[in-house]
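Shown next: target14.tsv, containing TSV, C-alpha atoms.
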chain	number	residue	atom	x	y	z
A	1	MET	CA	-14.62	19.29	-8.54
A	2	MET	CA	-13.08	19.25	-5.12
A	3	GLN	CA	-14.40	17.95	-1.91
A	4	GLN	CA	-12.88	18.20	1.53
A	5	LEU	CA	-12.76	15.09	3.70
A	6	ARG	CA	-13.27	14.92	7.43
A	7	THR	CA	-10.31	15.09	9.77
A	8	ASP	CA	-12.19	14.83	13.04
A	9	LEU	CA	-12.31	11.03	13.19
A	10	GLU	CA	-10.58	9.33	16.09
A	11	LEU	CA	-7.44	7.52	15.00
A	12	ALA	CA	-8.23	4.80	17.53
A	13	ASP	CA	-11.58	3.98	15.94
A	14	ARG	CA	-10.33	2.17	12.86
A	15	GLU	CA	-13.70	0.59	12.09
A	16	ALA	CA	-15.31	4.03	11.90
A	17	ILE	CA	-12.50	5.21	9.61
A	18	ALA	CA	-13.02	2.18	7.36
A	19	THR	CA	-16.76	2.83	7.15
A	20	TYR	CA	-16.22	6.50	6.41
A	21	LEU	CA	-13.64	5.83	3.69
A	22	GLN	CA	-15.90	3.22	2.11
A	23	SER	CA	-18.60	5.88	1.80
A	24	GLU	CA	-16.14	8.37	0.28
A	25	PHE	CA	-14.52	5.86	-2.07
A	26	PRO	CA	-17.38	3.55	-3.03
A	27	PHE	CA	-15.45	2.24	-6.04
A	28	VAL	CA	-12.90	0.55	-3.78
A	29	GLU	CA	-13.44	-3.15	-3.24
A	30	ASP	CA	-14.08	-3.91	0.43
A	31	SER	CA	-12.22	-6.98	1.62
A	32	GLY	CA	-14.15	-6.76	4.88
A	33	GLU	CA	-11.04	-6.93	7.04
A	34	LEU	CA	-9.01	-4.21	8.72
A	35	SER	CA	-5.31	-4.41	8.00
A	36	PRO	CA	-3.14	-4.98	11.10
A	37	HIS	CA	-0.82	-2.31	9.70
A	38	VAL	CA	-1.91	0.97	11.28
A	39	GLY	CA	-0.97	4.04	9.33
A	40	GLY	CA	1.19	6.87	10.61
A	41	ARG	CA	4.56	7.77	12.02
A	42	THR	CA	3.64	6.88	15.61
A	43	ALA	CA	2.73	3.33	14.65
A	44	GLY	CA	5.91	3.13	12.58
A	45	LEU	CA	8.06	4.18	15.53
A	46	VAL	CA	6.34	1.63	17.78
A	47	ARG	CA	7.11	-1.06	15.24
A	48	LEU	CA	10.71	0.07	14.98
A	49	GLN	CA	11.07	-0.23	18.75
A	50	SER	CA	9.83	-3.79	18.73
A	51	PHE	CA	12.07	-4.84	15.83
A	52	ARG	CA	14.82	-7.18	17.02
A	53	LEU	CA	17.48	-6.26	14.53
A	54	GLU	CA	19.99	-8.71	16.00
A	55	LYS	CA	17.89	-11.63	14.75
A	56	TYR	CA	17.28	-10.17	11.30
A	57	GLY	CA	20.46	-11.40	9.60
A	58	LYS	CA	19.77	-15.07	10.27
A	59	GLN	CA	15.97	-15.07	10.13
A	60	ARG	CA	14.88	-12.59	7.51
A	61	ASN	CA	14.33	-15.07	4.69
A	62	PHE	CA	11.92	-17.15	6.74
A	63	LEU	CA	8.27	-16.20	6.54
A	64	ASP	CA	8.00	-16.56	10.32
A	65	GLY	CA	11.44	-15.02	10.95
A	66	GLU	CA	12.26	-11.63	12.40
A	67	VAL	CA	11.70	-8.93	9.79
A	68	SER	CA	11.04	-5.27	10.43
A	69	GLN	CA	7.69	-5.00	8.59
A	70	LEU	CA	8.60	-1.34	8.23
A	71	SER	CA	8.07	-1.25	4.49
A	72	PRO	CA	4.61	0.37	4.63
A	73	TYR	CA	6.04	3.12	6.85
A	74	VAL	CA	9.10	3.71	4.68
A	75	SER	CA	7.25	3.55	1.37
A	76	ARG	CA	4.60	5.98	2.55
A	77	GLY	CA	7.31	8.20	4.04
A	78	CYS	CA	6.11	8.06	7.66
A	79	LEU	CA	9.66	7.01	8.49
A	80	GLU	CA	12.53	8.21	6.35
A	81	LEU	CA	15.12	5.90	4.87
A	82	GLU	CA	17.99	7.95	6.22
A	83	GLU	CA	16.69	7.95	9.78
A	84	LEU	CA	16.40	4.15	9.66
A	85	ARG	CA	19.94	3.88	8.33
A	86	GLN	CA	21.22	6.11	11.13
A	87	TRP	CA	19.22	4.09	13.65
A	88	ALA	CA	20.69	0.79	12.39
A	89	LEU	CA	24.26	2.13	12.42
A	90	LYS	CA	23.88	3.08	16.08
A	91	GLN	CA	23.28	-0.58	17.01
A	92	SER	CA	26.30	-2.74	17.76
A	93	ARG	CA	27.83	-3.68	14.42
A	94	SER	CA	26.88	-7.13	13.14
A	95	LYS	CA	25.89	-9.03	10.03
A	96	SER	CA	22.30	-8.13	10.88
A	97	VAL	CA	23.05	-4.41	10.70
A	98	GLU	CA	24.75	-4.85	7.33
A	99	ALA	CA	21.89	-6.97	6.01
A	100	PHE	CA	19.30	-4.42	7.10
A	101	VAL	CA	21.21	-1.46	5.68
A	102	SER	CA	21.69	-3.31	2.41
A	103	GLU	CA	17.92	-3.82	2.21
A	104	LEU	CA	17.50	-0.06	2.65
A	105	ALA	CA	20.04	0.38	-0.12
A	106	TRP	CA	17.96	-1.89	-2.39
A	107	ARG	CA	15.11	0.54	-1.99
A	108	ALA	CA	17.33	3.51	-2.87
A	109	PHE	CA	18.83	1.57	-5.79
A	110	PHE	CA	15.34	0.94	-7.22
A	111	HIS	CA	14.49	4.61	-6.75
A	112	LEU	CA	17.63	5.71	-8.58
A	113	VAL	CA	16.78	3.46	-11.50
A	114	TYR	CA	13.18	4.71	-11.52
A	115	GLU	CA	14.33	8.32	-11.25
A	116	GLU	CA	16.46	7.86	-14.33
A	117	GLU	CA	14.12	5.67	-16.38
A	118	GLY	CA	10.74	7.13	-15.43
A	119	ASP	CA	7.76	5.12	-16.63
A	120	ARG	CA	10.02	3.03	-18.87
A	121	ILE	CA	10.34	0.73	-15.83
A	122	LEU	CA	6.79	-0.38	-16.64
A	123	LYS	CA	8.17	-2.15	-19.72
A	124	ASP	CA	10.91	-4.79	-20.07
A	125	MET	CA	14.17	-3.24	-18.90
A	126	GLU	CA	16.14	-5.95	-20.71
A	127	LYS	CA	15.45	-8.89	-22.99
A	128	PRO	CA	14.05	-11.78	-20.96
A	129	LYS	CA	16.49	-14.65	-20.47
A	130	VAL	CA	13.74	-17.22	-21.05
A	131	PRO	CA	10.91	-17.26	-23.62
A	132	MET	CA	8.02	-14.99	-22.61
A	133	ASN	CA	6.35	-13.85	-25.80
A	134	GLN	CA	3.44	-16.25	-25.31
A	135	HIS	CA	2.73	-15.09	-21.76
A	136	GLN	CA	-0.84	-14.13	-20.96
A	137	ARG	CA	-1.38	-10.35	-20.82
A	138	SER	CA	-4.08	-10.29	-18.16
A	139	LEU	CA	-4.15	-11.81	-14.71
A	140	PRO	CA	-6.21	-15.02	-14.55
A	141	GLU	CA	-9.30	-14.71	-12.39
A	142	ASP	CA	-8.33	-17.57	-10.08
A	143	ILE	CA	-5.10	-15.80	-9.13
A	144	ALA	CA	-6.91	-12.52	-8.43
A	145	ALA	CA	-9.46	-14.38	-6.31
A	146	GLY	CA	-6.98	-16.67	-4.55
A	147	THR	CA	-8.68	-19.80	-5.87
A	148	THR	CA	-5.83	-21.40	-7.80
A	149	GLY	CA	-6.39	-24.70	-6.02
A	150	ILE	CA	-2.83	-24.69	-4.69
A	151	PRO	CA	-3.30	-24.09	-0.95
A	152	SER	CA	0.14	-22.48	-0.41
A	153	MET	CA	-0.33	-19.92	-3.18
A	154	ASP	CA	-3.96	-19.26	-2.24
A	155	THR	CA	-2.87	-18.62	1.35
A	156	LEU	CA	-0.32	-16.04	0.22
A	157	ILE	CA	-2.86	-14.34	-2.04
A	158	HIS	CA	-5.36	-14.12	0.82
A	159	MET	CA	-2.71	-12.71	3.18
A	160	LEU	CA	-1.97	-10.04	0.59
A	161	LYS	CA	-5.61	-9.13	0.08
A	162	GLU	CA	-6.56	-9.19	3.74
A	163	THR	CA	-3.58	-7.27	5.15
A	164	GLY	CA	-2.15	-5.23	2.26
A	165	TYR	CA	1.26	-6.67	3.07
A	166	LEU	CA	3.46	-9.71	2.38
A	167	HIS	CA	6.88	-10.82	3.54
A	168	ASN	CA	9.43	-10.17	0.80
A	169	HIS	CA	10.12	-13.86	0.23
A	170	ALA	CA	6.38	-14.48	-0.11
A	171	ARG	CA	6.19	-11.75	-2.75
A	172	MET	CA	8.95	-13.51	-4.67
A	173	TYR	CA	7.18	-16.88	-4.47
A	174	LEU	CA	3.96	-15.37	-5.74
A	175	ALA	CA	5.65	-13.43	-8.51
A	176	SER	CA	7.57	-16.51	-9.64
A	177	TYR	CA	4.42	-18.61	-9.54
A	178	VAL	CA	2.48	-16.08	-11.61
A	179	VAL	CA	5.19	-15.40	-14.20
A	180	HIS	CA	6.99	-18.72	-14.60
A	181	PHE	CA	4.56	-21.42	-13.49
A	182	ARG	CA	1.41	-19.76	-14.85
A	183	LYS	CA	2.98	-17.95	-17.80
A	184	VAL	CA	1.42	-14.57	-17.10
A	185	SER	CA	3.24	-11.38	-18.10
A	186	TRP	CA	5.13	-9.84	-15.21
A	187	ARG	CA	3.41	-6.51	-15.84
A	188	ALA	CA	-0.05	-7.95	-15.21
A	189	GLY	CA	1.17	-9.48	-11.95
A	190	ALA	CA	3.07	-6.37	-10.90
A	191	ASP	CA	0.09	-4.07	-11.50
A	192	TRP	CA	-2.11	-6.42	-9.47
A	193	MET	CA	0.29	-6.59	-6.52
A	194	TYR	CA	0.89	-2.82	-6.67
A	195	SER	CA	-2.83	-2.20	-6.31
A	196	LEU	CA	-3.07	-4.38	-3.19
A	197	LEU	CA	0.07	-3.44	-1.27
A	198	ILE	CA	0.01	-0.67	1.32
A	199	ASP	CA	3.65	-0.09	0.43
A	200	GLY	CA	2.95	-0.20	-3.32
A	201	ASP	CA	5.81	1.60	-5.04
A	202	PHE	CA	6.44	1.26	-8.77
A	203	ALA	CA	10.20	1.17	-8.19
A	204	SER	CA	10.46	-1.63	-5.63
A	205	ASN	CA	7.41	-3.53	-6.85
A	206	HIS	CA	7.69	-3.44	-10.63
A	207	LEU	CA	11.47	-3.73	-10.72
A	208	SER	CA	11.31	-6.71	-8.34
A	209	TRP	CA	8.79	-8.41	-10.62
A	210	GLN	CA	11.19	-7.73	-13.49
A	211	TRP	CA	13.97	-9.21	-11.39
A	212	VAL	CA	11.92	-12.37	-10.90
A	213	ALA	CA	10.94	-12.45	-14.57
A	214	SER	CA	14.59	-12.00	-15.72
A	215	THR	CA	14.06	-8.70	-17.54
A	216	PHE	CA	16.04	-6.92	-14.82
A	217	SER	CA	18.41	-9.73	-13.83
A	218	THR	CA	20.59	-12.38	-15.41
A	219	LYS	CA	18.24	-15.30	-14.77
A	220	PRO	CA	14.65	-16.13	-13.85
A	221	TYR	CA	13.89	-16.62	-10.16
A	222	ILE	CA	12.24	-19.96	-9.46
A	223	PHE	CA	11.62	-21.93	-6.28
A	224	ASN	CA	10.84	-25.54	-5.56
A	225	ARG	CA	9.05	-27.57	-2.92
A	226	GLU	CA	12.16	-27.93	-0.76
A	227	ASN	CA	12.71	-24.17	-0.68
A	228	LEU	CA	9.05	-23.44	0.03
A	229	GLU	CA	9.00	-25.92	2.92
A	230	ARG	CA	12.24	-24.62	4.37
A	231	TYR	CA	11.36	-20.93	4.39
A	232	ALA	CA	7.57	-20.91	4.49
A	233	GLY	CA	6.54	-24.35	5.70
A	234	SER	CA	5.52	-23.26	9.17
A	235	LEU	CA	2.99	-20.73	7.87
A	236	LEU	CA	1.54	-22.44	4.84
A	237	PRO	CA	-0.81	-25.39	4.55
A	238	GLY	CA	0.66	-28.39	2.79
A	239	ASP	CA	-0.11	-28.77	-0.90
A	240	PRO	CA	-1.52	-31.98	-2.39
A	241	LYS	CA	1.32	-34.27	-3.45
A	242	GLN	CA	-0.41	-35.21	-6.66
A	243	GLY	CA	0.25	-32.76	-9.46
A	244	ASP	CA	2.44	-30.57	-7.23
A	245	PRO	CA	4.02	-28.07	-9.67
A	246	PHE	CA	6.87	-27.31	-7.26
A	247	ASN	CA	8.06	-30.78	-6.30
A	248	TYR	CA	11.08	-31.02	-8.57
A	249	SER	CA	14.79	-30.32	-8.54
A	250	TYR	CA	15.85	-26.98	-10.02
A	251	GLU	CA	17.23	-28.76	-13.09
A	252	GLU	CA	13.89	-30.50	-13.64
A	253	LEU	CA	11.97	-27.28	-13.08
A	254	ALA	CA	14.12	-25.38	-15.57
A	255	GLU	CA	13.49	-28.11	-18.13
A	256	ARG	CA	9.73	-28.11	-17.52
A	257	LEU	CA	9.28	-24.35	-17.31
A	258	PHE	CA	11.76	-23.07	-19.85
A	259	GLU	CA	12.36	-26.05	-22.13
A	260	GLY	CA	16.08	-25.82	-21.65
A	261	ALA	CA	16.38	-22.11	-22.46
A	262	TYR	CA	17.92	-21.61	-19.06
A	263	MET	CA	19.70	-24.06	-16.78
A	264	PRO	CA	20.46	-23.34	-13.13
A	265	GLU	CA	23.85	-23.86	-11.51
A	266	PRO	CA	24.36	-27.55	-10.66
A	267	SER	CA	24.53	-26.80	-6.91
A	268	GLY	CA	20.89	-26.00	-7.26
A	269	ARG	CA	19.85	-24.23	-4.08
A	270	SER	CA	17.76	-21.20	-4.82
A	271	PRO	CA	18.79	-18.09	-2.93
A	272	GLY	CA	16.29	-16.81	-0.43
A	273	GLN	CA	17.09	-13.28	-1.46
A	274	TYR	CA	17.93	-11.21	-4.45
A	275	GLN	CA	21.52	-11.33	-5.60
B	1	MET	CA	5.03	35.05	0.68
B	2	PRO	CA	2.18	32.61	1.36
B	3	SER	CA	3.26	29.03	0.86
B	4	LEU	CA	1.26	25.82	0.72
B	5	ILE	CA	2.62	22.45	1.84
B	6	TRP	CA	1.42	19.67	-0.42
B	7	PHE	CA	2.00	16.14	0.85
B	8	ASN	CA	2.17	13.21	-1.54
B	9	GLU	CA	1.67	9.55	-0.68
B	10	ASP	CA	5.40	8.88	-0.56
B	11	SER	CA	6.14	11.34	2.22
B	12	LEU	CA	3.54	11.32	4.99
B	13	ASN	CA	5.78	12.48	7.79
B	14	PRO	CA	4.50	15.12	10.23
B	15	GLU	CA	8.13	15.72	11.27
B	16	HIS	CA	9.49	16.21	7.78
B	17	GLN	CA	11.97	19.06	7.42
B	18	MET	CA	9.61	20.96	5.11
B	19	VAL	CA	7.00	21.10	7.88
B	20	LYS	CA	9.57	22.66	10.20
B	21	ASP	CA	10.80	25.08	7.56
B	22	TYR	CA	7.30	26.25	6.64
B	23	ALA	CA	5.66	26.08	10.05
B	24	ASP	CA	2.92	28.59	9.21
B	25	ALA	CA	1.94	27.20	5.82
B	26	PRO	CA	-1.38	25.43	5.36
B	27	LYS	CA	-0.94	21.70	4.75
B	28	VAL	CA	-2.93	19.71	2.22
B	29	TYR	CA	-3.26	16.23	0.78
B	30	VAL	CA	-5.34	15.21	-2.21
B	31	PHE	CA	-6.69	11.73	-2.73
B	32	ASP	CA	-6.56	11.61	-6.50
B	33	ALA	CA	-9.75	9.78	-7.40
B	34	PRO	CA	-8.84	9.09	-11.06
B	35	TYR	CA	-5.48	7.62	-10.00
B	36	LEU	CA	-7.05	5.46	-7.29
B	37	GLN	CA	-9.57	4.13	-9.79
B	38	ALA	CA	-7.14	3.65	-12.67
B	39	GLN	CA	-4.69	1.72	-10.48
B	40	ASN	CA	-7.45	-0.08	-8.61
B	41	ILE	CA	-5.87	0.88	-5.30
B	42	ALA	CA	-7.10	-1.30	-2.45
B	43	LYS	CA	-8.73	-0.01	0.69
B	44	HIS	CA	-5.85	-0.95	3.01
B	45	ARG	CA	-3.59	1.57	1.30
B	46	ILE	CA	-6.24	4.29	1.41
B	47	GLN	CA	-6.87	3.64	5.09
B	48	PHE	CA	-3.14	3.61	5.89
B	49	ILE	CA	-2.65	6.94	4.13
B	50	TYR	CA	-5.70	8.45	5.82
B	51	GLU	CA	-4.52	7.29	9.26
B	52	ALA	CA	-1.07	8.73	8.57
B	53	LEU	CA	-2.68	12.04	7.56
B	54	LEU	CA	-4.69	12.26	10.78
B	55	GLU	CA	-1.36	12.57	12.61
B	56	ILE	CA	-0.41	15.68	10.70
B	57	PRO	CA	-1.64	18.70	12.66
B	58	SER	CA	-4.20	20.88	10.84
B	59	ILE	CA	-3.99	18.87	7.63
B	60	GLN	CA	-6.72	19.52	5.08
B	61	ILE	CA	-7.64	16.43	3.09
B	62	TYR	CA	-9.30	16.67	-0.31
B	63	LYS	CA	-10.67	14.28	-2.86
B	64	GLY	CA	-10.61	15.09	-6.57
B	65	GLU	CA	-8.10	15.60	-9.35
B	66	THR	CA	-4.83	16.60	-7.73
B	67	VAL	CA	-3.76	19.42	-10.03
B	68	ALA	CA	-7.24	20.94	-10.30
B	69	VAL	CA	-7.69	20.90	-6.52
B	70	LEU	CA	-4.29	22.48	-5.91
B	71	LEU	CA	-4.85	25.20	-8.52
B	72	GLN	CA	-8.16	26.05	-6.89
B	73	LEU	CA	-6.53	26.27	-3.44
B	74	ILE	CA	-3.69	28.37	-4.83
B	75	LYS	CA	-6.26	30.80	-6.17
B	76	ASP	CA	-8.52	30.83	-3.10
B	77	LEU	CA	-5.65	31.27	-0.63
B	78	ALA	CA	-3.52	33.54	-2.86
B	79	ILE	CA	-0.63	31.09	-2.60
B	80	SER	CA	2.64	32.03	-4.29
B	81	GLU	CA	4.67	28.84	-3.81
B	82	VAL	CA	3.96	25.18	-3.23
B	83	VAL	CA	6.29	23.14	-1.02
B	84	THR	CA	6.49	19.40	-1.51
B	85	THR	CA	8.77	16.34	-1.61
B	86	GLU	CA	10.54	14.65	-4.49
B	87	THR	CA	9.52	11.17	-5.49
B	88	PRO	CA	10.40	9.04	-8.50
B	89	ASN	CA	6.69	8.18	-8.90
B	90	HIS	CA	6.00	9.17	-12.51
B	91	MET	CA	2.40	10.09	-11.86
B	92	ILE	CA	3.17	12.39	-8.95
B	93	LYS	CA	6.05	13.85	-10.98
B	94	GLY	CA	3.54	14.51	-13.76
B	95	TRP	CA	1.33	16.47	-11.37
B	96	GLN	CA	4.35	18.40	-10.10
B	97	ASN	CA	5.39	19.30	-13.64
B	98	GLU	CA	1.87	20.40	-14.48
B	99	LEU	CA	1.71	22.57	-11.37
B	100	GLN	CA	5.08	24.11	-12.07
B	101	LYS	CA	3.63	25.71	-15.19
B	102	SER	CA	1.56	28.00	-12.95
B	103	ILE	CA	3.51	28.37	-9.72
B	104	ASP	CA	6.90	28.06	-8.04
B	105	LEU	CA	7.51	24.61	-6.62
B	106	VAL	CA	9.95	23.97	-3.78
B	107	THR	CA	10.85	20.27	-3.63
B	108	TYR	CA	12.70	18.50	-0.83
B	109	PRO	CA	14.80	15.60	-2.10
B	110	GLU	CA	14.77	12.08	-0.73
B	111	ILE	CA	17.82	11.61	1.45
B	112	PHE	CA	20.16	8.66	1.14
B	113	PRO	CA	23.93	8.35	1.09
B	114	VAL	CA	24.49	7.72	-2.61
B	115	THR	CA	22.54	9.57	-5.24
B	116	ASP	CA	24.75	8.61	-8.15
B	117	HIS	CA	22.43	8.51	-11.13
B	118	SER	CA	24.91	6.63	-13.27
B	119	SER	CA	24.20	3.68	-11.01
B	120	PRO	CA	24.98	0.20	-12.22
B	121	ARG	CA	21.90	-1.76	-13.23
B	122	ARG	CA	22.70	-4.63	-10.88
B	123	PHE	CA	22.38	-4.21	-7.15
B	124	SER	CA	25.42	-6.37	-6.44
B	125	ARG	CA	27.59	-3.92	-8.38
B	126	TYR	CA	25.89	-0.91	-6.81
B	127	TRP	CA	26.51	-2.36	-3.36
B	128	ARG	CA	30.14	-3.20	-4.03
B	129	LYS	CA	30.69	0.36	-5.23
B	130	HIS	CA	28.83	2.11	-2.42
B	131	GLU	CA	28.78	-0.27	0.54
B	132	ARG	CA	31.21	1.83	2.54
B	133	SER	CA	29.12	5.01	2.17
B	134	TRP	CA	25.99	3.18	3.23
B	135	LEU	CA	27.66	1.66	6.29
B	136	THR	CA	29.22	4.91	7.45
B	137	VAL	CA	27.32	7.24	9.78
What would you get if you wrote out this structure as structure tokens?
Amino acid sequence: MMQQLRTDLELADREAIATYLQSEFPFVEDSGELSPHVGGRTAGLVRLQSFRLEKYGKQRNFLDGEVSQLSPYVSRGCLELEELRQWALKQSRSKSVEAFVSELAWRAFFHLVYEEEGDRILKDMEKPKVPMNQHQRSLPEDIAAGTTGIPSMDTLIHMLKETGYLHNHARMYLASYVVHFRKVSWRAGADWMYSLLIDGDFASNHLSWQWVASTFSTKPYIFNRENLERYAGSLLPGDPKQGDPFNYSYEELAERLFEGAYMPEPSGRSPGQYQ
Amino acid sequence: MPSLIWFNEDSLNPEHQMVKDYADAPKVYVFDAPYLQAQNIAKHRIQFIYEALLEIPSIQIYKGETVAVLLQLIKDLAISEVVTTETPNHMIKGWQNELQKSIDLVTYPEIFPVTDHSSPRRFSRYWRKHERSWLTV
């Protein structure tokens, strides 16, 4: 069975495109919103032009900081990794240029691992560094619906569902919340996020979830209230103080979440980025 | 030798080298309905891909099972080789392998400075080893 789709729709009329695609793919859940991320190389080049690379080095870990938001365009190949690298290296050399190029290299690194491992990346790459054999195998309904009752996490989930995109740090918060605070298997979370992201890519997505989980890294990634406020506070609603799962030191969190199976470095500040 | 350009979702670039190299070849994309359903792909991704496709001149967009659609087109258009891009995506690779049983496949690799497959399994080590290549034009 093959059916040809229309190609005569106007790119500018995104509502009409959405309506048409809904009729062609009736099995797809309709979130009702249009994503602000417009598909195509032209839109990608416009975004590249407005990206202030010089601010990236200092601001990229902040949810309201300067990030390129080019991931949908790179993942879907509208812009090629190598042309972005060449573009960045033409800018005056700075920490920002190095930081941006190293993020491009992360993407290539994940692809190299995926290329070599194939669909084995869908399973634990390494033994987890904290106990995980009791983790739930399916994603709890309240997480899928964004009704966990924790306003910060629900906000991130709604951003993801309504736009098909999240800041990298926000992805890490959500992944850590799902895997370590809610004790859900990383695979269930990764499959869920993959399905929602415009830039869904098994390499970057699933291997990052494994990085958070500690099956592709030396330790689990966790965050606390202080970190969340520092990097995401301006965009997220405050959470109720009572019963706040994040309002602890890293030592306390490790004790609560992992029962001593893993202890963080005494200095205790969680990195904003992968290491 | 009639060629067919087959785009996959990881390479939706109207200016890709393969488009320049095979300027006269028909260009196709297939929305793989079973894959979209199995992975529960959300509408934002489908719309993004569709919008990206509309920028590719004379693209033909299909819906169905990828390999079956391509084999039908190969037959109808008397195609003798399919031109496409490499991706690590195991599902797309599976379709490529399946197709290769019946027809020649020309694949354009992803381009980045270091394609060392014996890569370390930690990014910090990878970066220490290859930082200079990445930061050199």
Identify the residues within 6 Å of coordinate (7.9, -17.6, 6.2) (same frame as the file), considering all atoms listed in the file, and give the answer as a ChimeraX atom specification. /A:62-64,231-232
Taking only C-alpha atoms into account, produce a table as a tab-separated table in which each residue of chain B with an atom at most 7 Å from an atom of chain A appears once, together with its shortest atom pair and the distance in Å to one decimal, ordered by chain and rising number.
residue	atom	partner	partner_atom	distance
B:Glu9	CA	A:Arg76	CA	5.6
B:Asp10	CA	A:Arg76	CA	4.3
B:Ser11	CA	A:Gly77	CA	3.8
B:Leu12	CA	A:Cys78	CA	4.9
B:Asn13	CA	A:Cys78	CA	4.4
B:Gln39	CA	A:Ser195	CA	6.0
B:Asn40	CA	A:Ser195	CA	5.6
B:Ile41	CA	A:Ser195	CA	4.4
B:Ala42	CA	A:Leu196	CA	5.1
B:Lys43	CA	A:Val28	CA	6.1
B:His44	CA	A:Gly164	CA	5.7
B:Arg45	CA	A:Ile198	CA	4.2
B:Gln47	CA	A:Ala18	CA	6.7
B:Phe48	CA	A:Gly39	CA	4.1
B:Ile49	CA	A:Gly39	CA	6.2
B:Glu51	CA	A:Gly39	CA	4.8
B:Ala52	CA	A:Gly40	CA	3.6
B:Leu54	CA	A:Thr7	CA	6.4
B:Glu55	CA	A:Gly40	CA	6.6
B:Ile61	CA	A:Leu5	CA	5.3
B:Tyr62	CA	A:Gln4	CA	4.3
B:Lys63	CA	A:Gln3	CA	5.3
B:Gly64	CA	A:Met2	CA	5.1
B:Val69	CA	A:Met2	CA	5.8
B:Pro88	CA	A:Glu115	CA	4.9
B:Asn89	CA	A:Phe202	CA	6.9
B:His90	CA	A:Gly118	CA	5.9
B:Ile111	CA	A:Glu82	CA	6.0
B:Phe112	CA	A:Glu82	CA	5.6
B:His117	CA	A:Leu112	CA	6.1
B:Phe123	CA	A:Trp106	CA	6.9
B:Ser124	CA	A:Gln275	CA	6.4
B:Val137	CA	A:Gln86	CA	6.3
From (10.1, 21.8, -3.1), in the file's coordinates, out to 10 Å: which residues are reached, counting only C-alpha atoms? Answer as a PyMOL selection string. chain B and resi 5-6+18+81-86+96+104-109
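Proximity to B:Asn8 was assessed for B:Lys75, B:Arg122, B:His130, B:Lys93 counting all atoms listed in the file; the smallest distance is recorded for B:Lys93.
The gap separating atom CA of A:Lys95 from atom CA of A:Lys58 is 8.6 Å, in Å to one decimal.
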Find the residue from B:Gln60, B:Pro26, B:Leu71, B:Phe7 that sits nearest to B:Lys101; use only C-alpha atoms when measuring. B:Leu71
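Residues lying within 8 Å of A:Thr155, counting only C-alpha atoms and ignoring same-chain neighbours fewer than 4 positions away, are A:Gly146, A:Pro151, A:Met159, A:Leu236, A:Pro237.
Atom pair atom CA of B:Ile74 / atom CA of B:Val28 has a distance of 11.2 Å (rounded to one decimal).
Closest approach to A:Arg256 among A:Arg107, A:His180, A:Lys123, A:Lys55: A:His180, based on only C-alpha atoms.
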Show which residues sit within 10 Å of B:Tyr126, as a compact mmCIF listing (two decimals) with C-alpha atoms, keeping the file's coordinate frame. Count all atoms listed in the file, and ignore same-chain residues fewer than 5 positions away.
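As written to disk, selection_16.txt reads:
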# COMPACT_ATOMS: atom_id res chain seq x y z
CA ALA A 105 20.04 0.38 -0.12
CA TRP A 106 17.96 -1.89 -2.39
CA PHE A 109 18.83 1.57 -5.79
CA VAL B 114 24.49 7.72 -2.61
CA ASP B 116 24.75 8.61 -8.15
CA SER B 118 24.91 6.63 -13.27
CA SER B 119 24.20 3.68 -11.01
CA PRO B 120 24.98 0.20 -12.22
CA ARG B 121 21.90 -1.76 -13.23
CA GLU B 131 28.78 -0.27 0.54
Who sits within 10 Å of A:Glu259, all atoms listed in the file, same chain under 6 positions skipped, as a list in words: Val130, Pro131, Glu252 and Leu253 of chain A
Separation of atom CA of B:Thr115 from atom CA of B:Ser133 in Å: 10.9 Å
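Counting only C-alpha atoms, the residue from A:Asn168, A:Ser152, A:Thr215, A:Gln210 that sits nearest to A:Asp239 is A:Ser152.
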